[in-house]
Every structure is written in C-alpha cells, then in structure tokens.
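Enquirer: Before we start, here is the structure in question, set down as structure tokens.
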Amino acid sequence: MIDYSREVLDNGLTLIHHHDKTTPFVIVNTLYKVGAKHEDEHRTGFAHLFEHLMFSGSKHFADFDKPLQEAGGENNAFTNNDYTNYYDMVPAVNVEIPMCLEADRMVNLNINKKSLDVQRKVVCEEFKENYINQPYGNVWHILREMVYEKHPYRWPTIGKELKHVEDATLEDVKAFYSKYYQPSNAILVLAGNIEKEQASTLAKTYFGELTGSAVEKRIFEEPEQTMAKEKTVYEDVPLNAVYVAFKICDRLHPDYYASDVTSDILSNGTSSRLHQKLVKEEKAFVEIDAYITSSDDIGMFVVEGKITDGIELQKATDLIWAELKKMQEEKVNESELQKCKNKMLTYMNFSEASLLNRAISLAYYELLGNANLINEEEEQYDAVSAEHIQQFAQKTFTKERSNTLFYLKKESK
C-alpha cells in the first residue's frame, strides 16, 4: 500500500504528497494537463516543443539546470498525447531549489526569439532524425491517421508535420504557454523524505500565490469504425512490415486491463504465442509484437511484425489473423493466464520500488481522476479472467474494426 495525501490549493494547483523516510531524496514532479491532443491540428508539435522550451530559463533563473545540479539534483521531462511531465530529484535538504525553479518557470518562462529559435532547431532535428530519416520512422504518422477519424490522436507527439514547428511564431508559442501552463492545469507531487506539513507549506509558499485562468476541459469524440481500412506504402527499409491496429477502450474502462493482458499473452517474451508460432515455428517473421497505447481516451491495440524475406505478404498477414481468431474461439488456459499475470505483477512491484516511478504514477493517476489507482491496479489485473479476455478478443479483433498498414521495401513494388 502506497500512502499519499491530496490537497488542492486556492489557485487550483493539485498537490499530492507521498512520504518515504527510507530515502535521502525528494522528487518534485510537475505534470501539466497538456499533450499533443490539446493542439490545434494546424499547429501541432507544440506540447513537445514546450518540453524543450521549459528548460530555457525563467525570469529569476537564467539557467534551469545549473542550480539544480549544484544542489546535487537531476531532472528530465517527457511528453505524450495526453500530458507533459517534468521531474526533479534532489537531496531532501535541498528541496526548495527545484520548488523555486518549477514555480518560476510555471508563470515566468523566458519565451523570446532566441530561446524559440534554439529549441525549434533542436525539435526539428529530432523530427528529421527520428521520423523522416529513420527506417519505419513515419509509421505512427500513417497509422494514427488511419485509425482515428476525428480525435486529435490522429497525430503523434512530435507533431503532424515538420512545417508546423518550423512556422511556429513567438505569438503562437506565447499563447500556448498562457493557455495551458497554469497552476489550475498542473499536478504537483512531492515524494520522498519530506513530511506532509512541510510539503504543504512549501507548495503554498512557492506556488500558492501564482495566478492564472482556468483551463476548460475538452471532450474529444471519435466514431465507431465499421469498415476495414488498408494502406500500402513503399519506403527504403530493410524488411517488409505489417501493422494491424484496432481501436480499444479508454484508460479507465474495465476492458483496459483485459486488453493489456491479451497483448502480453500474445507477445511478452520468447514463450509468447506470436513468437512461438510466427517466429520460431513458421519462421514467417523476424520479430513480432503486440501492445496497447494506454491512451487516456480511445486507445489502440497494435500487432506489428517485420516479415522474413521470401515470405508472402498475404501469408504473413493470415498468420497474424489466425492467432487473433484463436483468442476469440478458445479461452486462454489458466496456467498461461497466471504466468502472464505473474510477470505483469512482478514488473509492477519492481517499478513501484523506484521513488521516481511512484511520483510519476501518482501524478498520472490523479490526472485520470483517481490517484488511488496506484493501489488498485494490481487487483484489477489479477481479476482479469479467461472469459473477459475472450470477450475482449471477440469484440475487438474483427475485420471491420481493423486498420492494416503494409510497409514495404521499395523494390517490392
């Protein structure tokens, strides 16, 4: 059981405190409720751009990293489609350093032509390196556009196209910051060797006087898919690949846990079904994987595989569907299910041993509306039954709900 407390400041900032006296450190984790899905479809990539801009210094601190490093700390950040997360880890005696830094950049970030030009260049290079010049790099741009019709999950975190970041103006960026980087749109987690009273006092001291406007919560809609979609692209890649994707439920739906367990039964480890049948026995794939996106809203269940040279595309695809059909027609046996659960629960327990992971998880679960999921999810996974998995497979793995991307070598054309 992970103990925590929750408090909402007068300005709307949510504070989560978790005490762990066994560590000499404190984690200061700040989650902003802004991800790629909150962007304008003609100005994408801004959430990720801000992950970089937030390290450009603020009104009272020209350099964010230096004072933190001098305090014996370290920091990092990440962005996804649903939120942006920043974390700092420092010796407990120096906890006020990151508190000062985070509070100042929440409302006093240095946004000027120089900082924008520098960070825009970094982000554009990342876009080119990982999504344009990388083999299979644009898969998620293509696949998301296939799967989602209306939801802003249609583009990945890096952005819909490079031009959006290249053309970002100072006014665009300032407007994005002003709208989303607000106390009321943030979740602050203080975890580690810090008492509850001290955490509350520090939060009020450094963040309590910050002001901002409320951020309206957006509701995103996405229609049911009723017709199968297929697309074929030819690129300079070493192996043909196939991606079969399905829409699944949101993160809080009971089916989420069944979907996650199903993906692990199919592909977690060399003893998994897809590896044993399609890689080891049939030798039709060099590698194959099944996974879910764990999105807050409508998620994705994806099966992707690199096809062995000489294997026909149709045969490879049929083999994937045969395994999915087996999930629909036959209940998973209890020993296979329990083995999968044991792996998952071991990973979860191992992950929770990390103070940083606990802090990030508390922030994320609070974003979902229930921080106590950190204590409830193990039970949710353990409750997944063979019947539930079969029902999930029957509902999800249908042709009319499928989106198939054939990503082929140019010479195959």
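Here's how to read the names in the structure tokens: chain A, B, ... by the order shown, residue numbers from 1 in each chain, ligand numbers from 1 in the order shown.
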DSSP says strand (DSSP E or B) for which residues of range 143-374 of chain A? Put them as a PyMOL selection string?

Expert: chain A and resi 186-192+229-235+241-248+285-292+299-307

Enquirer: Smallest atom-to-atom distance to Lys163 in chain A: which of A:Gln380, A:Thr44, A:Ser294, A:Asn11, using only C-alpha atoms?

Expert: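 Using only C-alpha atoms, the shortest distance to Lys163 in chain A belongs to A:Thr44.
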
Enquirer: Between A:Ser402, A:Gln182, A:Val189, A:Arg154, which one has atoms that come closest to Phe220 in chain A, using only C-alpha atoms?

Expert: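 Among the listed residues, A:Arg154 lies closest to Phe220 in chain A.
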
Enquirer: I'd like the contact shell of Ile298 in chain A - 7 Å cut-off, only C-alpha atoms, skipping same-chain residues fewer than 3 positions apart - returned as a list in words.

Expert: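 These residues fall inside the cut-off: Lys247, Ile248, Cys249, Asp250 and Ser295 of chain A.
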
Enquirer: Enumerate as a PyMOL selection string all residues of range 10-161 of chain A assigned to helix (DSSP H, G or I) by DSSP on the backbone, naming them with the chain letters and numbers the document uses.

Expert: chain A and resi 36-38+46-53+65-70+92-94+96-107+113-132+139-147+152-154

Enquirer: Just to be explicit: take each residue in the selection above, keep C-alpha atoms, and write the result as a PDB file, in the first residue's frame.

Expert:
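Contents of part-v9.pdb, freshly written:
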ATOM      1  CA  ALA A  36      -0.466  16.584 -28.295  1.00  0.00           C
ATOM      2  CA  LYS A  37      -4.232  16.031 -28.242  1.00  0.00           C
ATOM      3  CA  HIS A  38      -4.760  19.600 -26.975  1.00  0.00           C
ATOM      4  CA  PHE A  46       3.684  22.497 -29.566  1.00  0.00           C
ATOM      5  CA  ALA A  47       3.341  20.307 -26.460  1.00  0.00           C
ATOM      6  CA  HIS A  48       6.640  18.619 -27.276  1.00  0.00           C
ATOM      7  CA  LEU A  49       8.254  21.927 -28.224  1.00  0.00           C
ATOM      8  CA  PHE A  50       7.384  23.210 -24.758  1.00  0.00           C
ATOM      9  CA  GLU A  51       9.069  20.251 -23.136  1.00  0.00           C
ATOM     10  CA  HIS A  52      12.249  21.800 -24.561  1.00  0.00           C
ATOM     11  CA  LEU A  53      11.344  25.456 -24.069  1.00  0.00           C
ATOM     12  CA  ASP A  65      19.844  23.003 -14.930  1.00  0.00           C
ATOM     13  CA  LYS A  66      22.818  24.656 -13.226  1.00  0.00           C
ATOM     14  CA  PRO A  67      21.290  25.468  -9.816  1.00  0.00           C
ATOM     15  CA  LEU A  68      19.690  22.024  -9.712  1.00  0.00           C
ATOM     16  CA  GLN A  69      22.981  20.299 -10.486  1.00  0.00           C
ATOM     17  CA  GLU A  70      24.774  22.411  -7.883  1.00  0.00           C
ATOM     18  CA  ALA A  92      15.868  16.302   0.736  1.00  0.00           C
ATOM     19  CA  VAL A  93      17.791  19.163   2.355  1.00  0.00           C
ATOM     20  CA  ASN A  94      17.785  20.987  -0.998  1.00  0.00           C
ATOM     21  CA  GLU A  96      13.477  24.275  -2.039  1.00  0.00           C
ATOM     22  CA  ILE A  97      15.775  24.641  -5.060  1.00  0.00           C
ATOM     23  CA  PRO A  98      13.528  22.754  -7.514  1.00  0.00           C
ATOM     24  CA  MET A  99      10.461  24.303  -5.888  1.00  0.00           C
ATOM     25  CA  CYS A 100      11.805  27.774  -6.749  1.00  0.00           C
ATOM     26  CA  LEU A 101      12.740  26.708 -10.243  1.00  0.00           C
ATOM     27  CA  GLU A 102       9.460  24.958 -11.063  1.00  0.00           C
ATOM     28  CA  ALA A 103       7.304  27.760  -9.680  1.00  0.00           C
ATOM     29  CA  ASP A 104       9.189  30.408 -11.625  1.00  0.00           C
ATOM     30  CA  ARG A 105       9.007  28.626 -14.959  1.00  0.00           C
ATOM     31  CA  MET A 106       5.329  27.861 -14.449  1.00  0.00           C
ATOM     32  CA  VAL A 107       4.441  31.562 -14.887  1.00  0.00           C
ATOM     33  CA  LYS A 113      13.020  34.845 -30.259  1.00  0.00           C
ATOM     34  CA  LYS A 114      16.386  33.430 -29.227  1.00  0.00           C
ATOM     35  CA  SER A 115      15.005  30.669 -26.991  1.00  0.00           C
ATOM     36  CA  LEU A 116      12.365  29.753 -29.579  1.00  0.00           C
ATOM     37  CA  ASP A 117      14.901  29.622 -32.416  1.00  0.00           C
ATOM     38  CA  VAL A 118      17.260  27.414 -30.392  1.00  0.00           C
ATOM     39  CA  GLN A 119      14.625  24.930 -29.224  1.00  0.00           C
ATOM     40  CA  ARG A 120      12.789  24.887 -32.537  1.00  0.00           C
ATOM     41  CA  LYS A 121      16.036  23.847 -34.229  1.00  0.00           C
ATOM     42  CA  VAL A 122      16.507  21.039 -31.687  1.00  0.00           C
ATOM     43  CA  VAL A 123      12.953  19.774 -32.155  1.00  0.00           C
ATOM     44  CA  CYS A 124      13.128  19.981 -35.951  1.00  0.00           C
ATOM     45  CA  GLU A 125      16.360  17.984 -35.965  1.00  0.00           C
ATOM     46  CA  GLU A 126      14.722  15.391 -33.733  1.00  0.00           C
ATOM     47  CA  PHE A 127      11.769  15.217 -36.129  1.00  0.00           C
ATOM     48  CA  LYS A 128      14.079  14.701 -39.124  1.00  0.00           C
ATOM     49  CA  GLU A 129      16.338  12.192 -37.391  1.00  0.00           C
ATOM     50  CA  ASN A 130      13.669  10.000 -35.800  1.00  0.00           C
ATOM     51  CA  TYR A 131      10.653  10.377 -38.073  1.00  0.00           C
ATOM     52  CA  ILE A 132      11.850  11.334 -41.552  1.00  0.00           C
ATOM     53  CA  VAL A 139       4.741   4.642 -39.315  1.00  0.00           C
ATOM     54  CA  TRP A 140       2.898   6.379 -36.497  1.00  0.00           C
ATOM     55  CA  HIS A 141       2.031   9.354 -38.665  1.00  0.00           C
ATOM     56  CA  ILE A 142       0.415   6.996 -41.150  1.00  0.00           C
ATOM     57  CA  LEU A 143      -1.153   4.566 -38.686  1.00  0.00           C
ATOM     58  CA  ARG A 144      -2.724   7.219 -36.458  1.00  0.00           C
ATOM     59  CA  GLU A 145      -4.281   8.905 -39.489  1.00  0.00           C
ATOM     60  CA  MET A 146      -5.778   5.548 -40.466  1.00  0.00           C
ATOM     61  CA  VAL A 147      -7.150   4.629 -37.055  1.00  0.00           C
ATOM     62  CA  PRO A 152      -6.576  14.550 -32.175  1.00  0.00           C
ATOM     63  CA  TYR A 153      -4.762  11.286 -31.541  1.00  0.00           C
ATOM     64  CA  ARG A 154      -4.541  11.477 -35.347  1.00  0.00           C
TER      65      ARG A 154
END

Enquirer: So that I can see what lies close to Met227 in chain A, please list as a PyMOL selection string the residues with an atom at most 8 Å from it, counting only C-alpha atoms and leaving out residues fewer than 6 positions away in the same chain.

Expert: chain A and resi 399-402

Enquirer: Considering only C-alpha atoms, return as an MDAnalysis selection string whatever protein or nucleic-acid residues lie within 12 Å of Thr262 in chain A, sequence-local ones (same chain, fewer than 6 positions apart) excluded.

Expert: chainID A and resid 255:256 268 272:274 289:292 301:303 323:324 326:328 331:332 336:337 340:341 344 381 384:394 396:397

Enquirer: Within 12 Å of Lys277 in chain A, counting only C-alpha atoms, which residues show up once you throw out same-chain ones fewer than 3 positions away? Write them as an NGL selection string, please.

Expert: :A and (266-267 or 270-274 or 280-288 or 316 or 319-320 or 322-323)

Enquirer: Could you tell me how far CA of Pro238 in chain A sits from CA of Glu312 in chain A, in Å to one decimal place?

Expert: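 Those two atoms sit 15.5 Å apart.
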
Enquirer: Pick the closest to Thr84 in chain A from A:Thr30, A:Asn193, A:Asn372, A:Ser354: which is it, counting only C-alpha atoms?

Expert: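 Using only C-alpha atoms, Thr84 in chain A sits closest to A:Thr30.
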
Enquirer: Under the rule that only C-alpha atoms are counted, which of A:Trp321, A:Thr226, A:Asp382, A:Thr293 is the nearest residue to Met348 in chain A?

Expert: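 Checking each of A:Trp321, A:Thr226, A:Asp382, A:Thr293 against Met348 in chain A, counting only C-alpha atoms, the winner is A:Asp382.
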